[in-house]
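This is model_6.tsv (TSV, C-alpha atoms).
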chain	number	residue	atom	x	y	z
U	1	ASN	CA	87.48	74.77	114.31
U	2	ASN	CA	84.74	75.84	116.77
U	3	LEU	CA	82.19	73.34	115.49
U	4	ARG	CA	79.08	73.76	117.64
U	5	ILE	CA	75.70	72.10	118.09
U	6	ASN	CA	72.52	74.16	118.40
U	7	ILE	CA	69.81	72.78	120.71
U	8	TYR	CA	66.17	73.77	120.16
U	9	ARG	CA	62.93	72.91	121.98
U	10	THR	CA	59.30	73.88	122.00
U	11	LYS	CA	57.49	75.67	124.81
U	12	LYS	CA	55.71	73.76	127.54
U	13	ASN	CA	52.72	71.61	126.53
U	14	GLN	CA	53.41	72.20	122.82
U	15	SER	CA	54.12	69.43	120.36
U	16	PHE	CA	56.55	69.73	117.47
U	17	ALA	CA	54.39	67.22	115.61
U	18	ASN	CA	51.66	69.87	115.58
U	19	LYS	CA	54.09	72.35	113.97
U	20	ALA	CA	54.88	74.15	117.17
U	21	THR	CA	57.68	76.71	117.03
U	22	LEU	CA	61.17	75.63	118.00
U	23	TYR	CA	63.33	77.98	120.08
U	24	LEU	CA	67.10	78.06	120.55
U	25	ILE	CA	68.12	77.24	124.12
U	26	ALA	CA	71.87	76.59	123.82
U	27	SER	CA	74.85	76.31	121.47
U	28	ILE	CA	77.34	73.79	122.86
U	29	PRO	CA	80.76	72.79	121.45
U	30	ASN	CA	81.05	69.53	119.58
U	31	ASP	CA	82.30	66.67	121.74
U	32	PRO	CA	86.09	66.54	121.18
U	33	THR	CA	86.40	63.01	122.59
U	34	GLY	CA	84.40	61.46	119.78
U	35	THR	CA	82.06	59.53	122.08
U	36	GLY	CA	79.03	61.57	121.02
U	37	LEU	CA	77.74	61.64	124.60
U	38	GLN	CA	77.05	65.05	126.11
U	39	THR	CA	74.66	66.23	128.78
U	40	TYR	CA	72.87	69.57	128.79
U	41	VAL	CA	70.45	70.68	131.51
U	42	ASP	CA	67.75	73.03	130.27
U	43	GLY	CA	67.03	75.62	132.95
U	44	LEU	CA	65.21	78.17	130.80
U	45	ILE	CA	61.57	79.06	131.33
U	46	ASP	CA	59.27	79.66	128.39
U	47	ASP	CA	59.38	83.45	128.74
U	48	GLU	CA	63.16	83.37	128.12
U	49	LEU	CA	62.79	81.67	124.74
U	50	THR	CA	63.11	84.33	122.03
U	51	ILE	CA	65.21	83.02	119.12
U	52	GLU	CA	63.03	80.98	116.76
U	53	PHE	CA	64.22	78.29	114.41
U	54	LEU	CA	63.37	79.22	110.83
U	55	ASN	CA	63.10	76.52	108.21
U	56	PRO	CA	65.09	77.45	105.10
U	57	PRO	CA	62.83	78.37	102.17
U	58	ASN	CA	65.00	76.25	99.86
U	59	LYS	CA	65.95	72.70	100.62
U	60	PRO	CA	69.75	72.30	100.69
U	61	ASN	CA	71.02	70.32	97.75
U	62	PRO	CA	74.72	69.41	97.85
U	63	PRO	CA	76.78	71.01	95.11
U	64	PRO	CA	78.72	68.75	92.74
U	65	ILE	CA	82.29	67.70	93.37
U	66	SER	CA	84.23	70.64	91.95
U	67	LYS	CA	87.76	72.04	91.91
U	68	TYR	CA	86.88	75.73	91.61
U	69	MET	CA	84.33	78.05	93.18
U	70	ARG	CA	83.57	81.72	92.64
U	71	ALA	CA	80.97	83.98	94.22
U	72	PHE	CA	79.33	86.25	91.67
U	73	GLY	CA	76.39	88.46	92.50
U	74	ASN	CA	74.33	86.54	95.04
U	75	GLN	CA	75.17	83.11	93.64
U	76	LEU	CA	78.00	80.61	93.96
U	77	PHE	CA	79.42	78.96	90.83
U	78	TYR	CA	81.09	75.54	90.79
U	79	ALA	CA	83.37	74.22	88.04
U	80	GLY	CA	86.15	71.76	87.34
U	81	GLY	CA	84.45	68.42	87.80
U	82	GLU	CA	86.32	65.26	86.88
U	83	ARG	CA	85.59	63.20	83.82
U	84	GLY	CA	83.77	59.94	84.33
U	85	ASN	CA	81.74	61.27	87.25
U	86	SER	CA	78.23	62.66	87.20
U	87	VAL	CA	79.76	66.11	86.86
U	88	ASP	CA	81.35	66.75	83.49
U	89	SER	CA	84.56	68.76	83.24
U	90	ASP	CA	82.87	70.99	80.63
U	91	ARG	CA	79.94	71.91	82.86
U	92	VAL	CA	79.56	74.81	85.32
U	93	PHE	CA	76.90	74.63	88.03
U	94	PHE	CA	75.44	77.53	89.97
U	95	SER	CA	73.34	77.86	93.10
U	96	VAL	CA	70.00	79.42	93.82
U	97	GLY	CA	70.24	83.12	94.64
U	98	GLU	CA	71.39	83.77	98.24
U	99	PHE	CA	71.52	80.00	98.94
U	100	PRO	CA	74.99	78.73	97.97
U	101	GLU	CA	74.29	75.18	99.21
U	102	THR	CA	71.15	74.79	97.10
U	103	VAL	CA	72.25	73.62	93.66
U	104	PRO	CA	69.52	71.97	91.56
U	105	LEU	CA	71.77	69.66	89.56
U	106	ALA	CA	69.11	68.92	86.95
U	107	SER	CA	68.78	72.45	85.60
U	108	PHE	CA	71.18	74.95	87.23
U	109	PHE	CA	74.21	74.43	85.00
U	110	LEU	CA	75.84	75.66	81.80
U	111	ASP	CA	77.61	73.55	79.20
U	112	PHE	CA	80.77	74.79	77.53
U	113	PRO	CA	81.92	73.49	74.14
U	114	ASN	CA	85.11	71.65	73.27
U	115	THR	CA	85.24	68.48	75.31
U	116	ASP	CA	89.01	68.22	74.77
U	117	ASP	CA	89.60	71.52	76.59
U	118	ASP	CA	88.74	71.22	80.29
U	119	VAL	CA	87.62	74.09	82.52
U	120	THR	CA	90.56	75.45	84.50
U	121	GLY	CA	89.11	78.35	86.50
U	122	ILE	CA	86.48	81.00	87.15
U	123	GLY	CA	87.10	84.74	87.34
U	124	VAL	CA	85.45	88.12	87.05
U	125	ALA	CA	86.30	90.81	84.48
U	126	GLY	CA	84.44	94.01	85.27
U	127	THR	CA	80.81	92.92	85.59
U	128	THR	CA	81.17	89.70	83.61
U	129	LEU	CA	81.77	86.19	84.90
U	130	VAL	CA	84.54	84.49	82.91
U	131	ILE	CA	85.10	80.74	82.60
U	132	THR	CA	88.60	79.75	81.57
U	133	LYS	CA	89.84	76.62	79.86
U	134	ASN	CA	93.33	75.48	78.93
U	135	HIS	CA	93.15	77.04	75.47
U	136	SER	CA	90.02	79.21	75.44
U	137	LEU	CA	88.11	81.88	77.38
U	138	TRP	CA	84.34	82.13	77.80
U	139	ALA	CA	81.98	84.78	79.18
U	140	ILE	CA	78.55	84.22	80.70
U	141	ALA	CA	76.09	86.77	79.34
U	142	GLY	CA	72.67	87.36	80.85
U	143	ASN	CA	71.10	86.51	84.20
U	144	PRO	CA	71.38	82.87	85.31
U	145	LEU	CA	68.58	83.37	87.87
U	146	LYS	CA	66.08	84.30	85.16
U	147	GLY	CA	67.19	81.67	82.69
U	148	ASN	CA	68.11	84.11	79.92
U	149	VAL	CA	71.79	83.27	79.82
U	150	SER	CA	74.22	82.42	77.03
U	151	VAL	CA	77.86	81.41	76.67
U	152	VAL	CA	80.08	83.62	74.49
U	153	GLN	CA	83.70	82.89	73.59
U	154	ILE	CA	86.24	85.66	74.19
U	155	ALA	CA	88.92	86.18	71.52
U	156	PRO	CA	88.19	82.98	69.56
U	157	GLY	CA	91.09	81.58	67.59
U	158	THR	CA	93.84	82.91	69.85
U	159	ASN	CA	94.17	79.58	71.71
U	160	ILE	CA	94.89	81.48	74.91
U	161	GLY	CA	93.55	80.08	78.17
U	162	CYS	CA	94.35	79.95	81.85
U	163	ALA	CA	96.86	77.54	83.38
U	164	ALA	CA	95.88	78.01	87.03
U	165	HIS	CA	92.63	79.06	88.67
U	166	ALA	CA	94.51	80.54	91.63
U	167	SER	CA	96.37	82.93	89.30
U	168	ILE	CA	93.15	84.75	88.37
U	169	ALA	CA	92.74	88.20	89.91
U	170	SER	CA	90.38	91.07	89.15
U	171	VAL	CA	92.23	94.36	88.64
U	172	GLY	CA	89.84	97.23	88.04
U	173	GLY	CA	87.80	96.34	84.98
U	174	LEU	CA	90.36	93.76	83.85
U	175	MET	CA	91.04	90.17	84.80
U	176	TYR	CA	94.66	89.01	85.04
U	177	PHE	CA	95.50	85.33	84.60
U	178	LEU	CA	98.47	83.07	83.92
U	179	HIS	CA	98.82	81.39	80.55
U	180	THR	CA	101.65	79.05	79.63
U	181	GLY	CA	103.13	81.89	77.54
U	182	GLY	CA	102.91	84.58	80.21
U	183	VAL	CA	100.45	86.75	82.10
U	184	TYR	CA	97.52	88.13	80.10
U	185	ALA	CA	94.63	90.46	80.80
U	186	ILE	CA	91.10	90.56	79.41
U	187	THR	CA	88.22	92.98	79.47
U	188	GLU	CA	84.61	91.82	79.47
U	189	THR	CA	84.79	91.14	75.74
U	190	GLN	CA	88.38	90.88	74.53
U	191	LEU	CA	92.04	90.36	75.36
U	192	PHE	CA	93.89	93.54	76.31
U	193	PRO	CA	96.28	94.91	75.18
U	194	THR	CA	96.69	93.98	71.51
U	195	ASP	CA	99.06	95.08	68.74
U	196	PRO	CA	97.88	97.03	65.65
U	197	PHE	CA	96.99	93.72	63.97
U	198	GLY	CA	94.79	92.60	66.87
U	199	ASN	CA	97.21	90.03	68.24
U	200	PRO	CA	97.15	89.80	72.05
U	201	ILE	CA	100.21	91.05	73.93
U	202	PRO	CA	101.04	89.59	77.35
U	203	ILE	CA	101.48	92.13	80.11
U	204	SER	CA	104.53	90.08	81.10
U	205	LEU	CA	106.32	90.84	77.83
U	206	ALA	CA	109.19	92.53	79.72
U	207	ILE	CA	109.99	89.24	81.49
U	208	ASP	CA	109.08	86.97	78.60
U	209	ALA	CA	112.17	84.80	79.07
U	210	ILE	CA	110.80	83.39	82.33
U	211	PHE	CA	107.91	81.76	80.48
U	212	ARG	CA	109.82	80.72	77.37
U	213	GLU	CA	112.76	78.98	78.98
U	214	SER	CA	112.57	75.36	80.10
U	215	PRO	CA	115.46	74.40	82.43
U	216	TYR	CA	116.93	70.96	82.08
U	217	LEU	CA	116.66	70.11	85.80
U	218	PRO	CA	113.03	69.35	86.76
U	219	GLN	CA	113.40	70.97	90.19
U	220	LYS	CA	114.07	74.29	88.44
U	221	ARG	CA	111.00	74.24	86.18
U	222	TYR	CA	107.98	76.32	87.12
U	223	VAL	CA	104.78	74.36	87.75
U	224	PHE	CA	102.24	76.76	86.25
U	225	LYS	CA	99.13	74.81	87.23
U	226	ARG	CA	99.89	75.37	90.93
U	227	ALA	CA	100.75	79.05	90.61
U	228	VAL	CA	98.90	81.45	92.92
U	229	ALA	CA	98.30	85.19	92.66
U	230	VAL	CA	96.52	88.07	94.36
U	231	ASN	CA	95.68	91.68	93.58
U	232	TYR	CA	97.34	93.81	96.25
U	233	SER	CA	95.35	96.93	95.42
U	234	LYS	CA	96.78	98.93	98.32
U	235	ASP	CA	100.16	99.04	96.56
U	236	GLU	CA	98.79	98.62	92.99
U	237	GLN	CA	100.51	95.24	92.67
U	238	TYR	CA	99.62	91.95	91.04
U	239	LEU	CA	101.63	89.30	92.90
U	240	LEU	CA	102.25	85.98	91.16
U	241	PHE	CA	103.98	83.04	92.84
U	242	LEU	CA	105.53	80.48	90.48
U	243	PRO	CA	106.48	77.31	92.34
U	244	CYS	CA	109.32	74.97	91.50
U	245	GLU	CA	108.84	71.53	93.00
U	246	ASP	CA	111.11	68.62	93.85
U	247	THR	CA	109.97	65.45	92.11
U	248	GLN	CA	111.74	62.90	94.30
U	249	THR	CA	108.69	62.52	96.56
U	250	THR	CA	104.95	62.48	96.08
U	251	ILE	CA	104.51	65.46	98.43
U	252	ARG	CA	104.17	68.68	96.46
U	253	TYR	CA	106.11	71.46	98.11
U	254	ALA	CA	107.86	74.50	96.66
U	255	ASN	CA	111.65	74.64	96.77
U	256	ASP	CA	114.10	77.55	96.80
U	257	ASN	CA	113.96	77.93	93.01
U	258	SER	CA	110.44	79.31	93.26
U	259	VAL	CA	109.86	83.00	92.67
U	260	ILE	CA	107.32	85.74	93.33
U	261	LEU	CA	106.81	88.15	90.44
U	262	CYS	CA	105.44	91.57	91.38
U	263	TYR	CA	103.72	93.61	88.65
U	264	ASP	CA	103.30	97.29	89.44
U	265	TYR	CA	100.30	97.86	87.19
U	266	LEU	CA	100.28	101.58	87.93
U	267	HIS	CA	103.74	102.16	86.42
U	268	LYS	CA	103.82	98.97	84.28
U	269	ASN	CA	106.97	97.51	85.86
U	270	TRP	CA	107.90	93.97	86.93
U	271	PHE	CA	109.95	93.14	90.02
U	272	THR	CA	111.22	89.92	91.57
U	273	TRP	CA	110.62	89.28	95.25
U	274	SER	CA	112.80	86.80	97.10
U	275	ASN	CA	112.68	84.86	100.35
U	276	MET	CA	108.92	84.26	100.16
U	277	ASN	CA	107.14	80.93	99.77
U	278	ALA	CA	103.46	81.39	98.97
U	279	ALA	CA	102.71	77.93	97.59
U	280	GLY	CA	99.73	77.61	99.96
U	281	GLY	CA	98.09	80.80	98.70
U	282	MET	CA	97.93	84.55	99.30
U	283	ILE	CA	95.15	86.67	100.74
U	284	ILE	CA	94.58	90.32	101.67
U	285	VAL	CA	93.18	90.95	105.16
U	286	SER	CA	92.62	94.54	106.31
U	287	ASP	CA	94.95	95.86	103.58
U	288	ASN	CA	97.74	93.53	104.74
U	289	LEU	CA	99.28	90.74	102.68
U	290	HIS	CA	99.18	87.26	104.22
U	291	PHE	CA	100.66	84.17	102.59
U	292	GLN	CA	100.91	80.46	103.36
U	293	GLU	CA	104.06	78.50	102.62
U	294	ARG	CA	104.39	74.86	101.61
U	295	ARG	CA	108.00	73.78	101.84
U	296	PHE	CA	110.22	70.99	103.15
U	297	SER	CA	112.36	71.49	106.23
U	298	GLY	CA	115.22	69.15	107.03
U	299	VAL	CA	114.36	69.55	110.71
U	300	ASN	CA	110.56	69.64	110.80
U	301	GLY	CA	109.71	67.86	107.55
U	302	ASN	CA	106.81	69.32	105.56
U	303	THR	CA	106.12	72.84	106.76
U	304	ALA	CA	103.19	75.15	106.04
U	305	ASN	CA	103.48	78.28	108.17
U	306	PHE	CA	101.26	81.32	107.78
U	307	TYR	CA	102.95	84.71	107.41
U	308	LYS	CA	102.08	88.39	107.29
U	309	GLN	CA	104.06	90.85	105.25
U	310	HIS	CA	106.21	93.14	107.37
U	311	ARG	CA	105.31	96.76	106.64
U	312	PHE	CA	105.66	99.07	109.63
U	313	TYR	CA	107.23	101.84	107.48
U	314	ARG	CA	110.10	102.50	109.87
U	315	LEU	CA	113.49	103.77	108.78
U	316	ILE	CA	115.23	100.65	110.08
U	317	ASP	CA	112.84	98.14	108.42
U	318	HIS	CA	114.86	97.75	105.24
U	319	ALA	CA	117.77	95.38	105.88
U	320	ASP	CA	120.27	97.42	103.86
U	321	HIS	CA	123.01	97.24	106.49
U	322	ALA	CA	124.14	93.72	105.54
U	323	GLY	CA	126.60	95.00	102.94
U	324	ALA	CA	128.33	98.08	101.66
U	325	GLN	CA	126.06	100.73	100.17
U	326	TYR	CA	127.34	102.25	96.93
U	327	CYS	CA	126.19	105.71	95.95
U	328	GLU	CA	126.84	107.44	92.64
U	329	TRP	CA	126.09	111.02	91.64
U	330	ARG	CA	126.61	112.54	88.22
U	331	SER	CA	126.48	116.20	87.32
U	332	SER	CA	124.81	117.43	84.13
U	333	TRP	CA	127.75	117.96	81.76
U	334	GLU	CA	125.45	118.25	78.77
U	335	ASP	CA	122.16	120.05	78.29
U	336	LEU	CA	119.89	119.08	75.38
U	337	ASP	CA	122.80	117.12	73.88
U	338	GLN	CA	124.93	120.25	73.84
U	339	PRO	CA	127.93	120.84	76.14
U	340	LEU	CA	127.39	123.67	78.54
U	341	VAL	CA	129.53	126.75	78.07
U	342	ARG	CA	129.92	127.34	81.76
U	343	LYS	CA	131.91	124.81	83.73
U	344	LYS	CA	130.72	125.67	87.19
U	345	PHE	CA	131.12	122.70	89.45
U	346	SER	CA	128.32	121.65	91.76
U	347	LYS	CA	128.91	120.16	95.15
U	348	CYS	CA	127.18	117.13	96.61
U	349	VAL	CA	127.43	116.00	100.20
U	350	LEU	CA	126.31	112.57	101.40
U	351	LEU	CA	125.90	112.17	105.14
U	352	MET	CA	125.76	108.69	106.65
U	353	ASP	CA	125.16	108.05	110.31
U	354	ARG	CA	123.97	105.30	112.58
U	355	ILE	CA	120.29	105.64	113.48
U	356	SER	CA	119.44	105.25	117.12
U	357	ASP	CA	116.22	103.87	118.53
U	358	LEU	CA	114.97	107.41	119.10
U	359	PHE	CA	114.82	108.10	115.35
U	360	GLN	CA	113.58	104.79	113.97
U	361	TYR	CA	110.17	106.17	113.00
U	362	ASN	CA	110.01	108.29	109.88
U	363	ASN	CA	107.68	111.03	111.10

Could I get this structure in the form of structure tokens?
Amino acid sequence: NNLRINIYRTKKNQSFANKATLYLIASIPNDPTGTGLQTYVDGLIDDELTIEFLNPPNKPNPPPISKYMRAFGNQLFYAGGERGNSVDSDRVFFSVGEFPETVPLASFFLDFPNTDDDVTGIGVAGTTLVITKNHSLWAIAGNPLKGNVSVVQIAPGTNIGCAAHASIASVGGLMYFLHTGGVYAITETQLFPTDPFGNPIPISLAIDAIFRESPYLPQKRYVFKRAVAVNYSKDEQYLLFLPCEDTQTTIRYANDNSVILCYDYLHKNWFTWSNMNAAGGMIIVSDNLHFQERRFSGVNGNTANFYKQHRFYRLIDHADHAGAQYCEWRSSWEDLDQPLVRKKFSKCVLLMDRISDLFQYNN
């Protein structure tokens, strides 16, 4: 992991006890043998010392043990502490501005009501930081750095919350998240969309059966709390991986019953992707989709390979040659629900040919 050790020293005839300046002379790799014994020979003269060691203006204070983190503005927020510890599950801590490792535990926190409803995630909707619980949603209003901050509940009484922190994704001014009844979206102040009576409507209404059905076999049930998602903005897609897990062992890995649901939020359509295991998470790097699997292999045991989505945009990329391709063409026999007077037949020609290597790129 490229862990390194920085070595500093003062200039000749200067004492660090008298607050002399320290200068960087080397950055050596950590000893991989574990003996802790390394030798470095300093051959630099004082005139070659240029990089000073600067004491941090804020003393590092370890953040609390937390399950979830989210960067917002120039601060880092921590949530999801366990009950019984010094960090309550209804409390969200935040760091000093620009110093994520400096978290004054005595004052830099916010309490959220309802002790029977634990915090399940942190997200961002527009310009508002949102704290989710199992059955409620909360927004942080104000500036935590200046102390004028308050906690406001979003859509009280709906009993809608977030089932998995990793399912949260910011899409434009909205925040998508997974609830036990489907995928919902919120603005900075309310659930969206809603029906004429103000009742929230899940954006996954078209595939509602996936979230309402409960298969009898446990290895076919979706484990919502370990679902992961990402906003693939390049293709206007919200990708949600719902894992199914085998319960015979204590190792949590996704089996072949898992599914990736793709929401085209530009055209409001849902699609199912197959042959992808993203139980270890998804991330966008340089406009490319990367995902980590977590599965069981009969040969290698527990496997967690890292993959990149294949998208070279070549004519031969789509594996549509594994079976017969059926094509259907229909002529317009009726126009505006009225049969046409003329019965002039149109002709359609479909040409199919094998593509050679010379024409594999669609220029």

Find the spatial neighbours of region 281-293 of chain U, counting only C-alpha atoms, within a cut-off of 9 Å - ignore same-chain residues fewer than 5 positions away - and output them as a compact mmCIF listing (two decimals) with C-alpha atoms, in the frame of the given file.
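Once written, part-v2.txt looks like this:
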# COMPACT_ATOMS: atom_id res chain seq x y z
CA ALA U 166 94.51 80.54 91.63
CA ALA U 227 100.75 79.05 90.61
CA VAL U 228 98.90 81.45 92.92
CA ALA U 229 98.30 85.19 92.66
CA VAL U 230 96.52 88.07 94.36
CA ASN U 231 95.68 91.68 93.58
CA TYR U 232 97.34 93.81 96.25
CA SER U 233 95.35 96.93 95.42
CA LYS U 234 96.78 98.93 98.32
CA LEU U 239 101.63 89.30 92.90
CA PHE U 241 103.98 83.04 92.84
CA TYR U 253 106.11 71.46 98.11
CA ALA U 254 107.86 74.50 96.66
CA MET U 276 108.92 84.26 100.16
CA THR U 303 106.12 72.84 106.76
CA ALA U 304 103.19 75.15 106.04
CA ASN U 305 103.48 78.28 108.17
CA PHE U 306 101.26 81.32 107.78
CA TYR U 307 102.95 84.71 107.41
CA LYS U 308 102.08 88.39 107.29
CA GLN U 309 104.06 90.85 105.25
CA HIS U 310 106.21 93.14 107.37
CA ARG U 311 105.31 96.76 106.64

Enter the distance from CA of Asp208 (chain U) to CA of Val183 (chain U), in Å, rounded to one decimal.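 Computing it gives 9.3 Å between the two atoms.
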
Box centre and edge lengths (Å, one decimal), axis-aligned, region 228-236 of chain U plus 3 Å each side, as AutoDock Vina command-line options:
--center_x 97.8 --center_y 90.2 --center_z 95.5 --size_x 10.8 --size_y 23.6 --size_z 11.7

Spatial neighbours of Val149 (chain U), 10 Å, all atoms listed in the file, chain gap at least 5 places, as a list in words: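 In the requested format, the answer is Leu110, Ile140, Ala141, Gly142, Asn143 and Pro144 of chain U.
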
Any chance you could export the current selection's C-alpha atoms as a compact mmCIF listing (two decimals), keeping the file's coordinate frame?
# COMPACT_ATOMS: atom_id res chain seq x y z
CA LEU U 110 75.84 75.66 81.80
CA ILE U 140 78.55 84.22 80.70
CA ALA U 141 76.09 86.77 79.34
CA GLY U 142 72.67 87.36 80.85
CA ASN U 143 71.10 86.51 84.20
CA PRO U 144 71.38 82.87 85.31

Gln153 (chain U) surroundings by only C-alpha atoms, 8 Å radius, close-in-sequence under 2 positions cut, as a list in words: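 Close residues of Gln153 (chain U): Ser136, Leu137, Trp138, Ala139, Val151, Ala155 and Pro156 of chain U.
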
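Rounded to one decimal, CA of Leu240 (chain U) and CA of Leu261 (chain U) lie 5.1 Å from each other.
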
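With CA of Asp111 (chain U) on one side and CA of Gly123 (chain U) on the other, the separation reads 16.8 Å.
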
Please provide as a PDB file with C-alpha atoms, in the frame of the given file all residues within 8 Å of Phe72 (chain U), with the sequence filter that same-chain residues fewer than 5 positions apart are discarded (counting all atoms listed in the file).
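Full text of part17.pdb as output:
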ATOM      1  CA  PHE U  77      79.420  78.960  90.830  1.00  0.00           C
ATOM      2  CA  VAL U 124      85.450  88.120  87.050  1.00  0.00           C
ATOM      3  CA  LEU U 129      81.770  86.190  84.900  1.00  0.00           C
TER       4      LEU U 129
END

Out of U:Thr128, U:Gln237, U:Asn159, U:Thr35, which residue has the shortest atom-to-atom distance to Thr187 (chain U) when counting all atoms listed in the file?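 Among U:Thr128, U:Gln237, U:Asn159, U:Thr35, it is U:Thr128 that comes nearest to Thr187 (chain U).
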
Can you tell me, as a PyMOL selection string, which residues sit within 9 Å of (71.3, 73.6, 123.9) in the file's frame, using only C-alpha atoms? chain U and resi 5-9+24-28+40-42

Residue with smallest distance to Pro64 (chain U) - pool U:Ile160, U:Leu105, U:Ile51, U:Leu37, counting only C-alpha atoms: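 With only C-alpha atoms as the atom set, the closest residue is U:Leu105.
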
Of the candidates U:Gly172, U:Gly80, U:Gly43, U:Pro193, which one gets nearest to Thr132 (chain U) if we count all atoms listed in the file?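 Among U:Gly172, U:Gly80, U:Gly43, U:Pro193, it is U:Gly80 that comes nearest to Thr132 (chain U).
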
Is it possible to get the residues within 12 Å of (111.1, 68.6, 105.1) (coordinates as in the file, counting all atoms listed in the file) written as a ChimeraX atom specification? /U:246,249,251-255,294-304

Set the distance at 8 Å and use only C-alpha atoms: which residues neighbour Thr10 (chain U) once local chain neighbours fewer than 3 positions away are removed? I'd like the list as a tab-separated table (two decimals) with C-alpha atoms, keeping the file's coordinate frame.
chain	number	residue	atom	x	y	z
U	14	GLN	CA	53.41	72.20	122.82
U	15	SER	CA	54.12	69.43	120.36
U	16	PHE	CA	56.55	69.73	117.47
U	20	ALA	CA	54.88	74.15	117.17
U	21	THR	CA	57.68	76.71	117.03
U	22	LEU	CA	61.17	75.63	118.00
U	23	TYR	CA	63.33	77.98	120.08

Hey, which of U:Phe53, U:Asp46, U:Gly173, U:Gly36 ends up closest to Lys19 (chain U)? Count all atoms listed in the file.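 The answer is U:Phe53, which sits nearest to Lys19 (chain U).
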